[in-house]
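Engineer: There's a structure below that I have some questions on.
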Amino acid sequence: MSEHNGAAGARRTHLLFQPDVAKLLTEDYAWVTQVDGPQFARILDQMRSTRSEAMAMRALHAFALRRGVQDLVELADGFDARDAVMIMATAALARPVSEAAELAMLQQEMEAGRASAPITASIVHDVACQRTAFDVAVFVRVVRDRYPQLADGTVAVFGGPDSGRTNLDKALLHTALLDEKCPDQADQLLRLTLRVVATHAPGGPEGQGEEIADLAGAFLHLSPHGQILETWAQTQLSAADAKQVDRARKLIARLIARRGTGHDALAAHIGRTAQPRDVVKLCALLTREEESPAKSELLRRHAAGQPNVQGLAKLVSLWHRDPVLTAGTRELLADIVTVPAGPDAVPRSLDVLAQLCDWLNEEEGGDQTCVALLCHIAAVQVRGRSGDELTELLNRITRNRERTRAAHEVGRQLAVAVMEPGADREWFVDCLVVLQGSRHAEAVGAACRELSDPSASQGADALLVAAVARLLHVAGLENAAWTLLERFLENEQLVQASDVLCVVRGVLAIPLPDAELLLRATVGRWSDVRHRDEAVDTLRAEGLGPQADWIVKSLR
C-alpha cells in the first residue's frame with residue numbers, strides 16, 4: 001500500500017478539495033472497498049504519520065460512503081473509537097436516510113448488552129441535530145417498530161434545549177412526523193418543546209429573528225388551520241388537576257409573550273374559547289410575570305369580543321377584582337362595548353348592553369362601579385350610534401353629575417368624528433338635534449366648542465364650521481349655529497383672514513340673521529390691528545365691501 005503514499009500522494013493532495021468529489025472518490029479511493037478493517041486502520045496511521053492528515057480524513061469519508069452498512073458495523077470495533085465515530089457520523093449524515101436508519105439499528109444490535117452504546121448514541125445525535133426535519137421523521141418511522149427506544153431517543157435529542165434546533169425546526173418535524181404516521185412521537189416532541197419553552201427564559205435575537213424562535217408563529221406559518229397549539233392549550237386548560245392547569249397557564253402566557261408582532265392565532269383562540277377565569281389569570285401573568293402588557297391587551301380584546309353576555313359579565317367581575325388588572329377595567333369595558341375593536345368596530349345593541357348590566361348586578365359581590373362604568377363608556381362611544389340611541393344611553397346613567405359629564409364627552413366625541421375626512425355631517429347634526437330635544441344641551445354645547453376650537457393639535461376647519469352652522473340653522477338649532485360661529489371667530493390666534501372669508505360666505509348663504517352683529521362682536525373686536533385689517537382687506541378684495549364695513553363700524 002506504500003504506492004498510495006508515494007508520488008501519487010502529491011497529486012491526490014492537490015486534488016483533495018477539488019469540486020468534483022464524486023470523481024475523486026471513484027478514481028483515487030476505490031481501494032477503500034478492498035481492504036479489511038485492521039488494514040485500513042494501519043493505512044490511516046501511516047497517512048497521519050507522513051503528515052497526510054487531510055488525505056486520511058478523505059479516506060475515512062470514502063470508507064463511510066462506499067462500504068456496505070453491514071461492513072461498517074462489523075468493522076467499527078477495529079478502529080480507534082474516534083475514527084469509528086467519524087465513520088459512523090459520515091455514513092449517518094451523507095448516506096440515504098433509510099441506510100442511516102439501518103446503520104443505527106444494526107449498531108444497536110451490535111452494542112446490545114454492553115454497559116453503554118456510544119456509537120449508537122452518536123448516530124442518533126448526528127441524525128437528530130444535523131439532518132433535515134423530514135429526514136429525521138423518516139428515520140424515526142423506519143426504526144420505530146424494531147427499536148422504539150431509538151425513535152424516542154432521536155425525538156428527545158431533537159426536541160432538547162441543546163440540539164441547536166430552532167422552534168421552526170421543531171414545528172417542521174412535528175408536521176413531518178404526523179405525515180409519517182408517527183403521532184406518538186409527534187406528541188412527544190410537542191411536550192419536550194413546550195417544556196423547553198417553560199424552563200428556559202426567553203431570549204435571542206429581536207425583530208425577524210424572534211419570529212424564527214417563536215413556536216406559536218412557526219406552527220401558524222406551517223399549519224394555519226391545524227390549530228396544534230390551540231388544541232393543546234384548550235385541552236390543558238380543561239384538565240381536572242388544578243396544578244396542571246396552573247402550569248399550563250404559565251406556559252401559555254410565555255408562548256403568547258414570545259409571539260412577535262402580527263396575527264396571533266393562539267391569543268385569538270384562547271380569547272374566544274377560554275373560560276373567563278383563565279383569561280383573567282393569563283392576562284395577569286402577561287402583565288406581571290412576562291412583562292408584556294401589550295400581549296395582555298391583545299388577549300383582552302379577543303376575549304371582549306365573545307357573544308356570550310353572561311360570560312362577559314363574569315369576565316368583567318373577575319377582571320375588576322384582580323389587583324393586577326383592576327386599573328384596566330375601563331379599557332376592558334370599552335372593548336366589550338364595540339366589537340371588534342379597531343376601525344371596523346360595531347357598537348353592541350342597546351339590548352345586549354342592558355343584559356350585561358343585569359348580569360353584572362347578578363354577579364356574586366357585584367360591584368356597582370362596573371355597572372356605572374359600563375353605562376358611561378357605552379354612552380360616550382358615539383360611532384355607529386343614532387341620536388336616539390345616544391339619548392337612551394345617557395338616560396341610563398342614574399347620577400346627574402355623571403350624566404352631565406358623559407353628555408359633555410358625547411358632544412366632544414361627535415365633533416371629533418365629524419372632523420374626520422369624509423365624515424357624515426348630516427348624522428352629526430341629526431344627533432345634536434335629538435340631544436337638544438332630549439334635554440342634553442350640554443352635549444350640543446360641547447360639540448360646538450370642540451368643533452370651533454379642537455383640543456387636538458390640528459386647527460379648526462373654517463369650511464367645515466361654516467357648513468355645519470348652515471345645517472344646524474336649517475335644522476332649527478339657530479342658537480347652536482350662532483354659538484359655533486361666534487366661538488370660532490373669537491379665536492383670533494387661530495383664525496386667518498381666509499377663514500373669515502369662508503365664514504362670511506357661509507353666513508350669507510344661510511342667510512344668518514344678525515350676521516352684521518356676529519362680525520362686529522367677533523372680528524371687529526380683535527386686539528391685533530394688523531390681523532383685523534388683513535381680514536377687512538381680504539373681504540374687500542373678494543367683493544364683500546359691505547361685510548368689511550361691518551367690521552370697521554365696530555371701531556367707531
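Labels for the C-alpha cells follow display order: chains A, B, ..., residues from 1 in each chain, ligands from 1.
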Skip His473 of chain A itself and residues of its chain fewer than 4 positions away, then list as a ChimeraX atom specification all residues within 12 Å of it, counting only C-alpha atoms.
Structural biologist: /A:429-430,432-433,466-469,477-485,506-507,509-513
Engineer: Could you write out that same residue set with N, CA and C atoms as a CSV table (one decimal), in the first residue's frame?
Structural biologist:
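Output contents, as saved in again_2.csv:
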```csv
chain,number,residue,atom,x,y,z
A,429,VAL,N,-75.3,66.5,12.8
A,429,VAL,CA,-76.4,67.5,13.1
A,429,VAL,C,-77.6,66.8,13.6
A,430,ASP,N,-78.0,65.6,13.0
A,430,ASP,CA,-79.2,64.9,13.5
A,430,ASP,C,-79.0,64.5,14.9
A,432,LEU,N,-77.2,66.0,17.2
A,432,LEU,CA,-77.3,67.2,18.1
A,432,LEU,C,-78.8,67.6,18.2
A,433,VAL,N,-79.5,67.5,17.2
A,433,VAL,CA,-81.0,67.9,17.2
A,433,VAL,C,-81.7,67.0,18.2
A,466,ALA,N,-68.4,76.5,8.8
A,466,ALA,CA,-69.5,77.2,8.1
A,466,ALA,C,-70.6,76.2,7.6
A,467,ALA,N,-70.2,75.0,7.1
A,467,ALA,CA,-71.1,74.1,6.6
A,467,ALA,C,-72.0,73.5,7.7
A,468,VAL,N,-71.4,73.2,8.8
A,468,VAL,CA,-72.2,72.7,9.9
A,468,VAL,C,-73.1,73.7,10.5
A,469,ALA,N,-72.6,75.0,10.6
A,469,ALA,CA,-73.5,76.0,11.0
A,469,ALA,C,-74.7,76.2,10.2
A,477,LEU,N,-81.7,74.6,15.0
A,477,LEU,CA,-80.8,74.9,16.1
A,477,LEU,C,-80.0,76.2,15.8
A,478,GLU,N,-80.8,77.3,15.7
A,478,GLU,CA,-80.2,78.6,15.4
A,478,GLU,C,-79.2,79.1,16.4
A,479,ASN,N,-79.5,78.9,17.7
A,479,ASN,CA,-78.6,79.3,18.7
A,479,ASN,C,-77.3,78.6,18.7
A,480,ALA,N,-77.4,77.2,18.4
A,480,ALA,CA,-76.2,76.4,18.3
A,480,ALA,C,-75.3,76.9,17.1
A,481,ALA,N,-76.0,77.2,16.0
A,481,ALA,CA,-75.3,77.7,14.8
A,481,ALA,C,-74.5,79.0,15.1
A,482,TRP,N,-75.3,80.0,15.8
A,482,TRP,CA,-74.7,81.2,16.2
A,482,TRP,C,-73.5,81.0,17.1
A,483,THR,N,-73.7,80.2,18.1
A,483,THR,CA,-72.6,79.9,19.1
A,483,THR,C,-71.4,79.3,18.4
A,484,LEU,N,-71.6,78.4,17.5
A,484,LEU,CA,-70.5,77.8,16.8
A,484,LEU,C,-69.6,78.8,16.0
A,485,LEU,N,-70.3,79.7,15.3
A,485,LEU,CA,-69.6,80.7,14.5
A,485,LEU,C,-69.0,81.7,15.4
A,506,GLY,N,-70.4,81.8,4.2
A,506,GLY,CA,-71.3,80.8,4.7
A,506,GLY,C,-72.5,81.4,5.3
A,507,VAL,N,-72.3,82.5,6.1
A,507,VAL,CA,-73.4,83.1,6.8
A,507,VAL,C,-74.3,83.9,5.8
A,509,ALA,N,-74.9,82.7,2.9
A,509,ALA,CA,-75.6,81.7,2.1
A,509,ALA,C,-76.8,81.1,3.0
A,510,ILE,N,-76.8,81.3,4.3
A,510,ILE,CA,-77.8,80.7,5.1
A,510,ILE,C,-79.2,81.2,4.8
A,511,PRO,N,-79.5,82.5,4.8
A,511,PRO,CA,-78.8,83.6,5.4
A,511,PRO,C,-79.0,83.7,6.9
A,512,LEU,N,-77.9,84.1,7.6
A,512,LEU,CA,-78.0,84.2,9.0
A,512,LEU,C,-78.4,85.5,9.5
A,513,PRO,N,-79.5,85.6,10.3
A,513,PRO,CA,-80.0,86.9,10.8
A,513,PRO,C,-78.8,87.5,11.7
```
Engineer: Excluding His125 of chain A and its own-chain neighbours fewer than 6 positions away, which residues fall within 10 Å of it when counting only C-alpha atoms? Please give them as a ChimeraX atom specification.
Structural biologist: /A:89,92,119,131,153-158,163
Engineer: By how many Å are atom CA of Met57 of chain A and atom CA of Pro96 of chain A apart?
Structural biologist: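 Atom-to-atom, atom CA of Met57 of chain A and atom CA of Pro96 of chain A are spaced 20.8 Å apart.
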Engineer: How would you write, as a ChimeraX atom specification, the set of residues in segment 157-406 of chain A that DSSP gives as alpha helix (DSSP H)?
Structural biologist: /A:157-159,167-179,183-199,208-212,215-222,228-237,242-258,265-273,276-288,293-304,309-321,329-337,350-362,368-380,387-395,400-406
Engineer: Do you know which residues are at most 9 Å from segment 235-244 of chain A counting only C-alpha atoms, after dropping those on the same chain fewer than 3 positions away, and could you put them as a short mmCIF file (atom, residue, chain, number, x, y, z; two decimals) with all heavy atoms, in the first residue's frame?
Structural biologist:
```cif
data_model
loop_
_atom_site.label_atom_id
_atom_site.label_comp_id
_atom_site.auth_asym_id
_atom_site.auth_seq_id
_atom_site.Cartn_x
_atom_site.Cartn_y
_atom_site.Cartn_z
N GLU A 230 -53.29 25.52 19.69
CA GLU A 230 -54.60 25.90 20.19
C GLU A 230 -55.33 24.70 20.82
O GLU A 230 -55.91 24.81 21.91
CB GLU A 230 -55.45 26.49 19.07
CG GLU A 230 -54.94 27.80 18.52
CD GLU A 230 -53.91 27.64 17.41
OE1 GLU A 230 -53.25 26.59 17.36
OE2 GLU A 230 -53.78 28.55 16.58
N THR A 231 -55.27 23.57 20.12
CA THR A 231 -55.91 22.36 20.65
C THR A 231 -55.24 21.91 21.93
O THR A 231 -55.91 21.53 22.91
CB THR A 231 -55.84 21.24 19.60
OG1 THR A 231 -56.49 21.68 18.40
CG2 THR A 231 -56.51 19.98 20.11
N TRP A 232 -53.91 21.95 21.96
CA TRP A 232 -53.18 21.57 23.17
C TRP A 232 -53.57 22.48 24.34
O TRP A 232 -53.84 21.99 25.45
CB TRP A 232 -51.68 21.65 22.92
CG TRP A 232 -50.87 21.52 24.18
CD1 TRP A 232 -50.46 20.37 24.78
CD2 TRP A 232 -50.40 22.60 25.00
NE1 TRP A 232 -49.77 20.66 25.92
CE2 TRP A 232 -49.73 22.00 26.09
CE3 TRP A 232 -50.51 23.99 24.94
CZ2 TRP A 232 -49.14 22.77 27.10
CZ3 TRP A 232 -49.94 24.75 25.94
CH2 TRP A 232 -49.25 24.14 26.99
N ARG A 247 -49.90 25.27 35.70
CA ARG A 247 -48.68 25.17 34.89
C ARG A 247 -48.97 25.51 33.44
O ARG A 247 -48.16 26.18 32.77
CB ARG A 247 -48.09 23.76 34.99
CG ARG A 247 -47.46 23.43 36.34
CD ARG A 247 -46.62 22.16 36.25
NE ARG A 247 -47.45 21.01 35.90
CZ ARG A 247 -48.04 20.21 36.77
NH1 ARG A 247 -47.91 20.44 38.08
NH2 ARG A 247 -48.75 19.18 36.37
N ALA A 248 -50.11 25.05 32.94
CA ALA A 248 -50.47 25.33 31.54
C ALA A 248 -50.65 26.82 31.32
O ALA A 248 -50.23 27.36 30.30
CB ALA A 248 -51.75 24.58 31.18
N ARG A 249 -51.28 27.50 32.27
CA ARG A 249 -51.47 28.96 32.13
C ARG A 249 -50.13 29.67 32.00
O ARG A 249 -49.95 30.56 31.15
CB ARG A 249 -52.23 29.51 33.33
CG ARG A 249 -53.72 29.16 33.37
CD ARG A 249 -54.30 29.69 34.66
NE ARG A 249 -55.70 29.30 34.83
CZ ARG A 249 -56.26 29.08 36.01
NH1 ARG A 249 -55.53 29.19 37.12
NH2 ARG A 249 -57.53 28.74 36.09
N ALA A 274 -61.54 30.32 25.88
CA ALA A 274 -61.20 30.02 27.28
C ALA A 274 -62.25 30.57 28.24
O ALA A 274 -62.95 31.54 27.94
CB ALA A 274 -59.83 30.60 27.62
N GLN A 275 -62.32 29.95 29.40
CA GLN A 275 -63.22 30.43 30.44
C GLN A 275 -62.72 31.79 30.97
O GLN A 275 -61.52 32.06 30.95
CB GLN A 275 -63.28 29.43 31.59
CG GLN A 275 -63.92 28.10 31.22
CD GLN A 275 -65.37 28.27 30.81
OE1 GLN A 275 -66.14 28.97 31.47
NE2 GLN A 275 -65.76 27.65 29.69
N ASP A 278 -59.72 31.78 33.24
CA ASP A 278 -58.43 31.52 32.58
C ASP A 278 -57.93 32.77 31.87
O ASP A 278 -56.73 33.07 31.90
CB ASP A 278 -58.57 30.36 31.59
CG ASP A 278 -58.78 29.03 32.29
OD1 ASP A 278 -58.18 28.80 33.35
OD2 ASP A 278 -59.57 28.21 31.77
#
```
Engineer: Which residues come within 12 Å of segment 520-535 of chain A, counting only C-alpha atoms, excluding same-chain residues fewer than 6 positions away, as a ChimeraX atom specification?
Structural biologist: /A:482-483,485-504,514,541-542,544-545,547-556
Engineer: Output the selection as a PDB file, in the first residue's frame - C-alpha atoms for each residue.
Structural biologist:
```pdb
ATOM      1  CA  TRP A 482     -74.660  81.228  16.171  1.00  0.00           C
ATOM      2  CA  THR A 483     -72.610  79.880  19.111  1.00  0.00           C
ATOM      3  CA  LEU A 485     -69.643  80.693  14.506  1.00  0.00           C
ATOM      4  CA  GLU A 486     -69.105  83.119  17.373  1.00  0.00           C
ATOM      5  CA  ARG A 487     -66.698  80.840  19.218  1.00  0.00           C
ATOM      6  CA  PHE A 488     -64.755  80.195  16.024  1.00  0.00           C
ATOM      7  CA  LEU A 489     -64.407  83.857  15.010  1.00  0.00           C
ATOM      8  CA  GLU A 490     -63.485  84.985  18.525  1.00  0.00           C
ATOM      9  CA  ASN A 491     -60.277  82.983  18.413  1.00  0.00           C
ATOM     10  CA  GLU A 492     -58.021  85.484  16.659  1.00  0.00           C
ATOM     11  CA  GLN A 493     -54.963  83.350  17.432  1.00  0.00           C
ATOM     12  CA  LEU A 494     -56.464  80.545  15.354  1.00  0.00           C
ATOM     13  CA  VAL A 495     -58.494  82.238  12.631  1.00  0.00           C
ATOM     14  CA  GLN A 496     -56.832  83.594   9.468  1.00  0.00           C
ATOM     15  CA  ALA A 497     -58.193  86.147   7.007  1.00  0.00           C
ATOM     16  CA  SER A 498     -59.049  83.345   4.578  1.00  0.00           C
ATOM     17  CA  ASP A 499     -61.077  81.663   7.356  1.00  0.00           C
ATOM     18  CA  VAL A 500     -63.071  84.864   7.908  1.00  0.00           C
ATOM     19  CA  LEU A 501     -63.828  84.902   4.173  1.00  0.00           C
ATOM     20  CA  CYS A 502     -65.132  81.298   4.336  1.00  0.00           C
ATOM     21  CA  VAL A 503     -67.393  82.080   7.289  1.00  0.00           C
ATOM     22  CA  VAL A 504     -68.764  85.296   5.766  1.00  0.00           C
ATOM     23  CA  ASP A 514     -77.812  89.493  12.550  1.00  0.00           C
ATOM     24  CA  ALA A 541     -60.680  92.150  -2.434  1.00  0.00           C
ATOM     25  CA  GLU A 542     -63.342  89.425  -2.834  1.00  0.00           C
ATOM     26  CA  LEU A 544     -67.560  91.819   0.077  1.00  0.00           C
ATOM     27  CA  GLY A 545     -67.158  95.527   0.887  1.00  0.00           C
ATOM     28  CA  GLN A 547     -69.322  92.990   5.176  1.00  0.00           C
ATOM     29  CA  ALA A 548     -65.882  94.559   5.559  1.00  0.00           C
ATOM     30  CA  ASP A 549     -67.633  97.788   6.610  1.00  0.00           C
ATOM     31  CA  TRP A 550     -69.481  95.870   9.347  1.00  0.00           C
ATOM     32  CA  ILE A 551     -66.119  95.060  10.917  1.00  0.00           C
ATOM     33  CA  VAL A 552     -64.908  98.651  10.554  1.00  0.00           C
ATOM     34  CA  LYS A 553     -68.113 100.004  12.169  1.00  0.00           C
ATOM     35  CA  SER A 554     -67.228  98.315  15.415  1.00  0.00           C
ATOM     36  CA  LEU A 555     -64.208 100.617  15.664  1.00  0.00           C
ATOM     37  CA  ARG A 556     -66.218 103.854  15.597  1.00  0.00           C
TER      38      ARG A 556
END
```
Engineer: Nearest to Gln436 of chain A among A:Leu472, A:Leu266, A:Val85, A:Ala137, with distances taken over only C-alpha atoms: which residue is it?
Structural biologist: A:Leu472
Engineer: Atom CA of Met86 of chain A and atom CA of Ala41 of chain A are how many Å apart?
Structural biologist: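 Going from atom CA of Met86 of chain A over to atom CA of Ala41 of chain A, I get 13.0 Å.
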Engineer: Would you mind reading off the distance between atom CA of Gln70 of chain A and atom CA of Gln130 of chain A, one decimal, in Å?
Structural biologist: 22.8 Å
Engineer: When you look at segment 120-124 of chain A with a cut-off of 10 Å (counting only C-alpha atoms), what residues show up, excluding the ones that are within fewer than 3 positions of it in the same chain? I need them as a short mmCIF file (atom, residue, chain, number, x, y, z; two decimals) with all heavy atoms, in the first residue's frame.
Structural biologist:
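File written: result29.cif
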```cif
data_model
loop_
_atom_site.label_atom_id
_atom_site.label_comp_id
_atom_site.auth_asym_id
_atom_site.auth_seq_id
_atom_site.Cartn_x
_atom_site.Cartn_y
_atom_site.Cartn_z
N VAL A 85 -16.35 6.71 15.37
CA VAL A 85 -17.44 7.71 15.47
C VAL A 85 -17.49 8.56 14.21
O VAL A 85 -18.56 8.86 13.69
CB VAL A 85 -17.24 8.57 16.73
CG1 VAL A 85 -18.15 9.79 16.68
CG2 VAL A 85 -17.51 7.76 17.98
N MET A 86 -16.32 8.95 13.68
CA MET A 86 -16.31 9.78 12.47
C MET A 86 -16.88 9.03 11.27
O MET A 86 -17.63 9.58 10.47
CB MET A 86 -14.87 10.26 12.17
CG MET A 86 -14.40 11.39 13.09
SD MET A 86 -12.84 12.12 12.53
CE MET A 86 -11.68 10.85 13.02
N MET A 88 -19.05 6.53 11.33
CA MET A 88 -20.49 6.36 11.50
C MET A 88 -21.24 7.68 11.32
O MET A 88 -22.34 7.72 10.76
CB MET A 88 -20.79 5.77 12.89
CG MET A 88 -20.29 4.35 13.06
SD MET A 88 -21.00 3.23 11.83
CE MET A 88 -20.65 1.64 12.57
N ALA A 89 -20.66 8.76 11.79
CA ALA A 89 -21.31 10.07 11.63
C ALA A 89 -21.42 10.43 10.15
O ALA A 89 -22.46 10.91 9.68
CB ALA A 89 -20.52 11.14 12.38
N THR A 90 -20.34 10.20 9.41
CA THR A 90 -20.37 10.49 7.97
C THR A 90 -21.42 9.65 7.27
O THR A 90 -22.19 10.14 6.44
CB THR A 90 -18.99 10.23 7.35
OG1 THR A 90 -18.02 11.06 7.98
CG2 THR A 90 -19.01 10.50 5.86
N ALA A 91 -21.47 8.37 7.61
CA ALA A 91 -22.45 7.49 7.00
C ALA A 91 -23.87 7.91 7.36
O ALA A 91 -24.78 7.90 6.52
CB ALA A 91 -22.21 6.05 7.43
N ALA A 92 -24.08 8.28 8.61
CA ALA A 92 -25.42 8.65 9.07
C ALA A 92 -25.91 9.94 8.43
O ALA A 92 -27.11 10.12 8.22
CB ALA A 92 -25.43 8.80 10.59
N LEU A 93 -24.96 10.82 8.09
CA LEU A 93 -25.35 12.12 7.54
C LEU A 93 -25.35 12.15 6.01
O LEU A 93 -26.16 12.86 5.41
CB LEU A 93 -24.42 13.22 8.07
CG LEU A 93 -24.46 13.45 9.58
CD1 LEU A 93 -23.44 14.51 9.97
CD2 LEU A 93 -25.86 13.89 10.01
N ALA A 100 -29.16 5.22 6.88
CA ALA A 100 -28.79 5.73 8.19
C ALA A 100 -29.59 5.02 9.28
O ALA A 100 -29.07 4.67 10.35
CB ALA A 100 -29.02 7.24 8.26
N ALA A 101 -30.88 4.76 8.99
CA ALA A 101 -31.72 4.04 9.96
C ALA A 101 -31.25 2.60 10.13
O ALA A 101 -31.18 2.08 11.25
CB ALA A 101 -33.18 4.09 9.50
N LEU A 103 -28.25 1.52 9.63
CA LEU A 103 -26.98 1.59 10.34
C LEU A 103 -27.21 1.70 11.85
O LEU A 103 -26.56 1.00 12.65
CB LEU A 103 -26.19 2.81 9.85
CG LEU A 103 -24.82 3.04 10.46
CD1 LEU A 103 -23.84 1.98 10.00
CD2 LEU A 103 -24.30 4.43 10.10
N ALA A 104 -28.16 2.56 12.26
CA ALA A 104 -28.42 2.73 13.69
C ALA A 104 -28.96 1.44 14.30
O ALA A 104 -28.56 1.06 15.43
CB ALA A 104 -29.42 3.87 13.88
N MET A 105 -29.86 0.75 13.59
CA MET A 105 -30.42 -0.48 14.15
C MET A 105 -29.39 -1.59 14.25
O MET A 105 -29.33 -2.32 15.25
CB MET A 105 -31.63 -0.91 13.31
CG MET A 105 -32.83 0.03 13.44
SD MET A 105 -34.31 -0.57 12.61
CE MET A 105 -33.86 -0.36 10.88
N LEU A 106 -28.54 -1.75 13.23
CA LEU A 106 -27.50 -2.77 13.28
C LEU A 106 -26.49 -2.47 14.39
O LEU A 106 -26.04 -3.38 15.10
CB LEU A 106 -26.79 -2.86 11.93
CG LEU A 106 -27.60 -3.46 10.77
CD1 LEU A 106 -26.83 -3.34 9.46
CD2 LEU A 106 -27.94 -4.92 11.06
N GLN A 107 -26.16 -1.18 14.55
CA GLN A 107 -25.21 -0.82 15.60
C GLN A 107 -25.83 -1.04 16.98
O GLN A 107 -25.15 -1.42 17.92
CB GLN A 107 -24.78 0.65 15.43
CG GLN A 107 -23.67 1.08 16.36
CD GLN A 107 -22.37 0.30 16.13
OE1 GLN A 107 -22.04 -0.04 14.99
NE2 GLN A 107 -21.63 0.02 17.20
N GLN A 108 -27.15 -0.78 17.06
CA GLN A 108 -27.83 -1.05 18.32
C GLN A 108 -27.74 -2.53 18.69
O GLN A 108 -27.51 -2.89 19.85
CB GLN A 108 -29.31 -0.62 18.20
CG GLN A 108 -30.19 -0.96 19.39
CD GLN A 108 -29.89 -0.11 20.60
OE1 GLN A 108 -29.40 1.01 20.48
NE2 GLN A 108 -30.16 -0.64 21.79
N GLU A 109 -27.92 -3.38 17.69
CA GLU A 109 -27.81 -4.83 17.93
C GLU A 109 -26.38 -5.20 18.33
O GLU A 109 -26.16 -6.03 19.21
CB GLU A 109 -28.22 -5.59 16.68
CG GLU A 109 -29.70 -5.45 16.33
CD GLU A 109 -30.03 -6.08 14.99
OE1 GLU A 109 -29.09 -6.60 14.33
OE2 GLU A 109 -31.21 -6.04 14.59
N MET A 110 -25.41 -4.56 17.68
CA MET A 110 -24.01 -4.86 17.98
C MET A 110 -23.66 -4.47 19.42
O MET A 110 -22.90 -5.17 20.10
CB MET A 110 -23.11 -4.10 17.00
CG MET A 110 -21.62 -4.30 17.22
SD MET A 110 -21.08 -6.02 16.89
CE MET A 110 -21.27 -6.08 15.10
N GLU A 111 -24.22 -3.36 19.88
CA GLU A 111 -23.88 -2.87 21.22
C GLU A 111 -24.84 -3.35 22.29
O GLU A 111 -24.75 -2.94 23.45
CB GLU A 111 -23.85 -1.33 21.22
CG GLU A 111 -22.72 -0.77 20.36
CD GLU A 111 -22.66 0.75 20.38
OE1 GLU A 111 -23.74 1.38 20.48
OE2 GLU A 111 -21.55 1.30 20.28
N SER A 116 -22.70 0.58 27.79
CA SER A 116 -23.09 1.80 27.08
C SER A 116 -23.06 1.54 25.58
O SER A 116 -22.47 0.55 25.13
CB SER A 116 -22.15 2.96 27.43
OG SER A 116 -20.82 2.66 27.00
N ALA A 117 -23.72 2.39 24.85
CA ALA A 117 -23.76 2.25 23.39
C ALA A 117 -23.35 3.57 22.76
O ALA A 117 -24.16 4.30 22.20
CB ALA A 117 -25.18 1.85 22.94
N VAL A 127 -27.94 12.39 13.50
CA VAL A 127 -29.16 12.44 12.68
C VAL A 127 -30.11 13.51 13.22
O VAL A 127 -30.66 14.32 12.46
CB VAL A 127 -29.85 11.06 12.66
CG1 VAL A 127 -31.25 11.15 12.06
CG2 VAL A 127 -29.02 10.05 11.88
N ALA A 128 -30.31 13.51 14.54
CA ALA A 128 -31.27 14.45 15.14
C ALA A 128 -30.82 15.89 15.01
O ALA A 128 -31.65 16.79 14.82
CB ALA A 128 -31.47 14.10 16.62
N CYS A 129 -29.52 16.13 15.07
CA CYS A 129 -29.03 17.50 15.11
C CYS A 129 -28.64 18.06 13.75
O CYS A 129 -28.56 19.29 13.61
CB CYS A 129 -27.85 17.62 16.06
SG CYS A 129 -28.27 17.29 17.79
N VAL A 136 -35.27 13.27 9.44
CA VAL A 136 -35.40 12.77 10.81
C VAL A 136 -36.74 12.04 10.98
O VAL A 136 -36.81 10.98 11.62
CB VAL A 136 -35.28 13.93 11.83
CG1 VAL A 136 -35.53 13.42 13.25
CG2 VAL A 136 -33.91 14.59 11.73
N PHE A 139 -36.42 8.69 9.42
CA PHE A 139 -35.56 7.88 10.29
C PHE A 139 -36.37 7.33 11.47
O PHE A 139 -36.29 6.13 11.79
CB PHE A 139 -34.41 8.77 10.80
CG PHE A 139 -33.42 8.08 11.68
CD1 PHE A 139 -32.30 7.45 11.16
CD2 PHE A 139 -33.60 8.06 13.06
CE1 PHE A 139 -31.38 6.81 11.99
CE2 PHE A 139 -32.69 7.43 13.90
CZ PHE A 139 -31.58 6.80 13.35
N VAL A 140 -37.15 8.17 12.09
CA VAL A 140 -37.96 7.75 13.23
C VAL A 140 -38.96 6.69 12.81
O VAL A 140 -39.15 5.68 13.50
CB VAL A 140 -38.69 8.97 13.85
CG1 VAL A 140 -39.75 8.52 14.86
CG2 VAL A 140 -37.68 9.89 14.53
N LEU A 150 -34.91 3.84 19.95
CA LEU A 150 -34.15 4.69 19.03
C LEU A 150 -35.02 5.84 18.52
O LEU A 150 -34.56 6.98 18.40
CB LEU A 150 -33.64 3.87 17.84
CG LEU A 150 -32.45 2.95 18.08
CD1 LEU A 150 -32.09 2.21 16.79
CD2 LEU A 150 -31.25 3.73 18.60
N ALA A 151 -36.28 5.53 18.21
CA ALA A 151 -37.19 6.58 17.75
C ALA A 151 -37.40 7.63 18.83
O ALA A 151 -37.28 8.85 18.59
CB ALA A 151 -38.53 5.96 17.34
N GLY A 153 -35.49 8.22 21.40
CA GLY A 153 -34.24 8.90 21.68
C GLY A 153 -33.93 9.99 20.66
O GLY A 153 -33.42 11.06 21.01
N THR A 154 -34.23 9.69 19.39
CA THR A 154 -33.99 10.69 18.34
C THR A 154 -34.85 11.93 18.57
O THR A 154 -34.38 13.07 18.46
CB THR A 154 -34.31 10.09 16.97
OG1 THR A 154 -33.53 8.91 16.78
CG2 THR A 154 -34.00 11.08 15.85
N VAL A 155 -36.13 11.71 18.89
CA VAL A 155 -37.04 12.84 19.16
C VAL A 155 -36.58 13.60 20.40
O VAL A 155 -36.63 14.84 20.43
CB VAL A 155 -38.48 12.33 19.34
CG1 VAL A 155 -39.40 13.46 19.81
CG2 VAL A 155 -39.00 11.74 18.04
N ALA A 156 -36.11 12.88 21.41
CA ALA A 156 -35.65 13.54 22.64
C ALA A 156 -34.46 14.46 22.37
O ALA A 156 -34.38 15.57 22.90
CB ALA A 156 -35.28 12.49 23.69
N VAL A 157 -33.52 13.99 21.55
CA VAL A 157 -32.37 14.84 21.21
C VAL A 157 -32.81 16.04 20.38
O VAL A 157 -32.41 17.18 20.64
CB VAL A 157 -31.31 14.03 20.45
CG1 VAL A 157 -30.19 14.94 19.95
CG2 VAL A 157 -30.73 12.93 21.34
N PHE A 158 -33.66 15.79 19.39
CA PHE A 158 -34.12 16.87 18.51
C PHE A 158 -34.86 17.95 19.30
O PHE A 158 -34.67 19.15 19.07
CB PHE A 158 -35.05 16.28 17.43
CG PHE A 158 -35.33 17.21 16.29
CD1 PHE A 158 -34.69 17.04 15.07
CD2 PHE A 158 -36.24 18.25 16.41
CE1 PHE A 158 -34.95 17.89 14.00
CE2 PHE A 158 -36.50 19.11 15.35
CZ PHE A 158 -35.86 18.92 14.14
#
```
